[in-house]
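> This one is protein.cif, mmCIF, C-alpha atoms.
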data_query
#
loop_
_atom_site.label_atom_id
_atom_site.label_comp_id
_atom_site.auth_asym_id
_atom_site.auth_seq_id
_atom_site.Cartn_x
_atom_site.Cartn_y
_atom_site.Cartn_z
CA MET A 8 34.73 -8.11 -23.82
CA ALA A 9 35.80 -8.59 -20.23
CA GLU A 10 33.54 -10.49 -17.88
CA THR A 11 32.83 -9.14 -14.42
CA GLU A 12 32.74 -10.81 -11.03
CA LEU A 13 28.94 -10.95 -11.38
CA ALA A 14 29.33 -13.26 -14.38
CA ARG A 15 30.96 -16.11 -12.46
CA PRO A 16 28.58 -17.39 -9.77
CA THR A 17 28.58 -21.10 -9.00
CA LEU A 18 26.00 -22.90 -11.12
CA THR A 19 23.00 -24.09 -9.12
CA GLY A 20 21.29 -26.26 -11.75
CA LYS A 21 18.05 -24.45 -10.92
CA GLU A 22 16.07 -23.07 -13.85
CA ARG A 23 14.30 -19.73 -13.64
CA PHE A 24 11.18 -18.90 -15.66
CA PHE A 25 9.39 -15.79 -16.82
CA GLY A 26 5.82 -15.40 -18.04
CA GLU A 27 4.55 -16.16 -21.53
CA ASP A 28 3.21 -12.59 -21.67
CA GLU A 29 6.53 -11.05 -20.60
CA VAL A 30 9.34 -9.80 -22.82
CA ILE A 31 12.93 -9.36 -21.69
CA VAL A 32 14.37 -6.22 -23.29
CA THR A 33 17.89 -4.84 -23.37
CA LYS A 34 19.73 -2.35 -25.53
CA THR A 35 23.49 -2.15 -25.96
CA ASP A 36 26.01 0.10 -27.61
CA THR A 37 28.04 -1.26 -30.54
CA GLY A 38 30.54 -2.79 -28.12
CA GLY A 39 27.85 -4.84 -26.37
CA ARG A 40 27.68 -2.72 -23.20
CA ILE A 41 24.18 -2.50 -21.74
CA THR A 42 22.53 0.92 -22.13
CA TYR A 43 18.98 -0.13 -21.17
CA ALA A 44 17.45 -3.08 -19.31
CA ASN A 45 13.78 -3.58 -18.51
CA GLN A 46 12.46 -4.87 -15.19
CA VAL A 47 11.93 -8.41 -16.53
CA PHE A 48 15.61 -8.62 -17.48
CA LEU A 49 16.68 -7.31 -14.08
CA ARG A 50 14.41 -9.79 -12.28
CA MET A 51 15.58 -12.75 -14.36
CA CYS A 52 19.29 -12.00 -14.05
CA GLN A 53 18.84 -11.02 -10.39
CA MET A 54 20.72 -7.76 -10.72
CA THR A 55 19.94 -4.10 -10.34
CA GLU A 56 20.00 -1.48 -13.05
CA GLN A 57 23.12 -0.03 -11.40
CA GLN A 58 24.85 -3.43 -11.64
CA VAL A 59 24.15 -3.89 -15.38
CA LEU A 60 24.23 -0.45 -17.04
CA GLY A 61 27.53 0.09 -18.82
CA LYS A 62 28.55 -3.55 -18.31
CA PRO A 63 29.16 -6.04 -21.13
CA HIS A 64 26.03 -8.01 -21.97
CA ASN A 65 28.05 -11.20 -21.62
CA LEU A 66 27.94 -10.78 -17.85
CA ILE A 67 24.95 -13.16 -18.02
CA ARG A 68 26.70 -15.65 -20.31
CA HIS A 69 26.20 -19.23 -19.18
CA PRO A 70 29.26 -21.48 -19.61
CA ASP A 71 27.11 -24.13 -21.35
CA MET A 72 26.31 -21.67 -24.15
CA PRO A 73 28.48 -22.32 -27.23
CA ARG A 74 30.66 -19.38 -28.22
CA CYS A 75 30.04 -20.15 -31.88
CA VAL A 76 26.36 -19.18 -31.49
CA PHE A 77 27.42 -15.78 -30.15
CA LYS A 78 29.87 -15.40 -33.03
CA LEU A 79 27.04 -16.11 -35.48
CA LEU A 80 24.84 -13.62 -33.63
CA TRP A 81 27.48 -10.88 -33.60
CA ASP A 82 28.53 -11.44 -37.21
CA THR A 83 24.88 -11.18 -38.29
CA ILE A 84 23.92 -8.03 -36.39
CA GLN A 85 27.18 -6.26 -37.25
CA GLN A 86 26.24 -6.78 -40.91
CA GLY A 87 23.01 -4.89 -40.19
CA ARG A 88 20.75 -7.95 -40.17
CA GLU A 89 18.43 -9.25 -37.48
CA ILE A 90 18.82 -12.69 -35.93
CA PHE A 91 16.73 -15.07 -33.86
CA ALA A 92 18.49 -17.46 -31.50
CA TYR A 93 17.94 -19.65 -28.48
CA VAL A 94 20.18 -18.53 -25.62
CA LEU A 95 20.96 -19.99 -22.21
CA ASN A 96 21.70 -17.27 -19.63
CA ARG A 97 23.00 -17.30 -16.07
CA ALA A 98 21.53 -15.25 -13.23
CA ALA A 99 23.62 -13.70 -10.44
CA SER A 100 22.65 -16.57 -8.14
CA GLY A 101 23.98 -19.18 -10.57
CA ASP A 102 20.47 -20.17 -11.69
CA HIS A 103 19.88 -20.40 -15.43
CA TYR A 104 17.13 -19.46 -17.87
CA TRP A 105 16.46 -20.06 -21.55
CA VAL A 106 15.23 -17.36 -23.94
CA PHE A 107 14.22 -17.11 -27.57
CA ALA A 108 16.01 -13.92 -28.60
CA HIS A 109 15.38 -11.51 -31.45
CA VAL A 110 18.33 -9.15 -31.84
CA THR A 111 18.34 -6.19 -34.22
CA PRO A 112 20.71 -3.34 -35.00
CA THR A 113 19.71 0.22 -34.06
CA TYR A 114 20.53 2.94 -36.59
CA ASP A 115 21.05 6.69 -36.46
CA ASN A 116 19.62 9.11 -39.04
CA SER A 117 22.56 8.56 -41.38
CA GLY A 118 22.08 4.78 -41.39
CA ALA A 119 25.04 3.95 -39.15
CA ILE A 120 24.61 1.24 -36.53
CA THR A 121 24.61 2.85 -33.07
CA GLY A 122 23.76 -0.20 -30.98
CA TYR A 123 21.61 -3.29 -30.70
CA HIS A 124 18.18 -4.07 -29.34
CA SER A 125 17.17 -7.49 -28.05
CA ASN A 126 13.71 -8.78 -27.18
CA ARG A 127 13.53 -12.21 -25.57
CA ARG A 128 10.48 -14.37 -25.17
CA VAL A 129 9.80 -17.67 -23.45
CA PRO A 130 11.10 -20.48 -25.68
CA ASP A 131 9.19 -23.67 -26.41
CA PRO A 132 10.53 -26.05 -23.73
CA LYS A 133 10.16 -29.07 -26.04
CA VAL A 134 12.30 -27.37 -28.73
CA VAL A 135 14.91 -26.50 -26.10
CA SER A 136 15.07 -30.01 -24.58
CA GLU A 137 14.80 -32.04 -27.79
CA VAL A 138 16.70 -29.92 -30.32
CA ILE A 139 18.59 -26.92 -28.98
CA ALA A 140 20.13 -28.28 -25.76
CA PRO A 141 21.51 -31.42 -27.50
CA LEU A 142 22.80 -29.34 -30.42
CA TYR A 143 24.46 -26.83 -28.08
CA LYS A 144 26.02 -29.69 -26.09
CA THR A 145 27.54 -31.04 -29.31
CA LEU A 146 28.82 -27.59 -30.30
CA LEU A 147 30.25 -26.95 -26.85
CA GLU A 148 32.02 -30.33 -26.88
CA GLU A 149 33.50 -29.45 -30.27
CA GLU A 150 34.71 -26.12 -28.92
CA GLY A 151 36.35 -27.91 -25.99
CA ARG A 152 38.29 -30.33 -28.19
CA HIS A 153 40.66 -27.62 -29.39
CA ASP A 154 43.66 -25.95 -27.81
CA SER A 155 42.41 -22.40 -28.35
CA ARG A 156 39.05 -20.68 -28.10
CA ALA A 157 39.33 -19.41 -31.68
CA LYS A 158 40.06 -22.85 -33.12
CA GLY A 159 37.29 -24.40 -31.06
CA MET A 160 34.77 -21.77 -32.08
CA ASN A 161 35.66 -22.13 -35.77
CA ALA A 162 35.42 -25.92 -35.56
CA ALA A 163 32.01 -25.65 -33.88
CA ILE A 164 30.81 -23.27 -36.59
CA GLY A 165 31.88 -25.92 -39.08
CA ARG A 166 29.93 -28.51 -37.13
CA LEU A 167 26.84 -26.29 -37.08
CA THR A 168 27.21 -25.71 -40.82
CA ASP A 169 27.35 -29.48 -41.35
CA VAL A 170 24.15 -29.95 -39.31
CA LEU A 171 22.37 -27.23 -41.29
CA ASN A 172 23.60 -28.58 -44.65
CA ALA A 173 22.37 -32.07 -43.74
CA LYS A 174 18.93 -30.56 -43.13
CA GLY A 175 19.12 -28.48 -46.31
CA LEU A 176 18.55 -25.29 -44.31
CA ASP A 177 20.39 -22.10 -43.54
CA TYR A 178 20.47 -20.93 -39.91
CA GLU A 179 17.43 -18.66 -40.19
CA ARG A 180 15.27 -21.33 -41.84
CA PHE A 181 16.43 -23.88 -39.28
CA ILE A 182 15.38 -21.65 -36.37
CA PHE A 183 11.99 -20.92 -37.93
CA SER A 184 11.46 -24.61 -38.72
CA LEU A 185 11.44 -25.15 -34.94
CA GLN A 186 8.56 -22.73 -34.38
CA ALA A 187 5.30 -24.65 -34.49
#
Could you write out this file's structure as structure tokens?

Amino acid sequence: MAETELARPTLTGKERFFGEDEVIVTKTDTGGRITYANQVFLRMCQMTEQQVLGKPHNLIRHPDMPRCVFKLLWDTIQQGREIFAYVLNRAASGDHYWVFAHVTPTYDNSGAITGYHSNRRVPDPKVVSEVIAPLYKTLLEEEGRHDSRAKGMNAAIGRLTDVLNAKGLDYERFIFSLQA
């Protein structure tokens, strides 16, 4: 998916926050283009509905977010399964914000996947700072060690698999083990 000019603001290092009682909601088509965005999403990413509708969801991708996590996410939802993941996003200003995402496929009456629906809640800041951010840093470093994005992403998936195997957990159990 192509990124737009909105996806490349200079990073500010400033974190944005949304309320514990708020939910960020977006819907996409099967290609990841945004078909719906609620007001919380628009406020957090600092864009208008006109700026996001029809655009690839990765327009809010933060460069410190490992590609291998998105590969895991996409592989899972394209198989018709839901996934929970911690995601670091980038706003139009270059600010960043963390979310705990729940992404599910949307089906038509015949059972075919027609798109995806994502609800994001405020993540536990302790889990982000003590577990997720260090893990993502390690995965991102692994991705950067290789001469191609594909090789780097595959190597980082291997690294994530090693971490999970050492804990005796699959990805889903690992994520839920972090929820206190």
> Excluding segment 123-136 of chain A and residues on its chain fewer than 3 positions from it, collect all residues at most 9 Å away from it, counting all atoms listed in the file, and give them as an MDAnalysis selection string.
chainID A and resid 24:37 39 84 93 105:114 120 139:141 185:186
> Show which residues sit within 12 Å of Gly165 of chain A, as a list in words. Count only C-alpha atoms, and ignore same-chain residues fewer than 6 positions away.
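That gives Cys75, Val76, Leu79, Thr145, Leu146, Glu149, Glu150, Lys158, Gly159, Leu171 and Asn172 of chain A.
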> When distances are computed from all atoms listed in the file, which of A:Asp102, A:Gly38, A:Ala92, A:Gln46 shows the smallest separation from Ile67 of chain A?
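Answer, going by the shortest atom-to-atom distance: A:Asp102.
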> Counting only C-alpha atoms, find residues at most 7 Å from (20.8, -4.1, -17.0) (file frame) and give them as a PyMOL selection string.
chain A and resi 41+43-44+48-49+55-56+58-60
> Just how far from atom CA of Asp71 of chain A is atom CA of Ser100 of chain A, in Å to one decimal?
15.9 Å
> So that I can check the surroundings of Glu179 of chain A, please list as a ChimeraX atom specification every protein, DNA and RNA residue that reaches within 9 Å of it, counting all atoms listed in the file and ignoring chain neighbours fewer than 2 positions away.
/A:90-92,176-177,181-184
> Provide an axis-aligned box for all listed atoms of segment 131-148 of chain A, padding each side by 8 Å; report its centre and its edge lengths in Å to one decimal, as lines of an AutoDock Vina configuration file.

center_x = 20.6
center_y = -27.9
center_z = -27.1
size_x = 38.8
size_y = 24.4
size_z = 22.7
> Which is closest to Arg68 of chain A among A:Arg50, A:His103, A:Arg88, A:Arg156, if we use only C-alpha atoms?
A:His103
> How many Å lie between atom CA of Ser155 of chain A and atom CA of Ala99 of chain A, rounded to one decimal?
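Atom-to-atom, atom CA of Ser155 of chain A and atom CA of Ala99 of chain A are spaced 27.4 Å apart.
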> Give me, please, the distance in Å between atom CA of Asn65 of chain A and atom CA of Phe77 of chain A, quoted to one decimal.
9.7 Å
> The PyMOL selection byres ((chain A and resi 101) around 9) on the file shown: which residues, as a list in words?
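Applied to this file, the PyMOL selection byres ((chain A and resi 101) around 9) selects Ala14, Arg15, Pro16, Thr17, Leu18, Thr19, Gly20, Lys21, His69, Arg97, Ala98, Ala99, Ser100, Asp102 and His103 of chain A.
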> Give the answer as one residue: which of A:Gly151, A:Lys144, A:Lys174, A:Arg40 has the shortest atom-to-atom distance to Pro63 of chain A, using only C-alpha atoms?
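Result for the nearest residue to Pro63 of chain A: A:Arg40.
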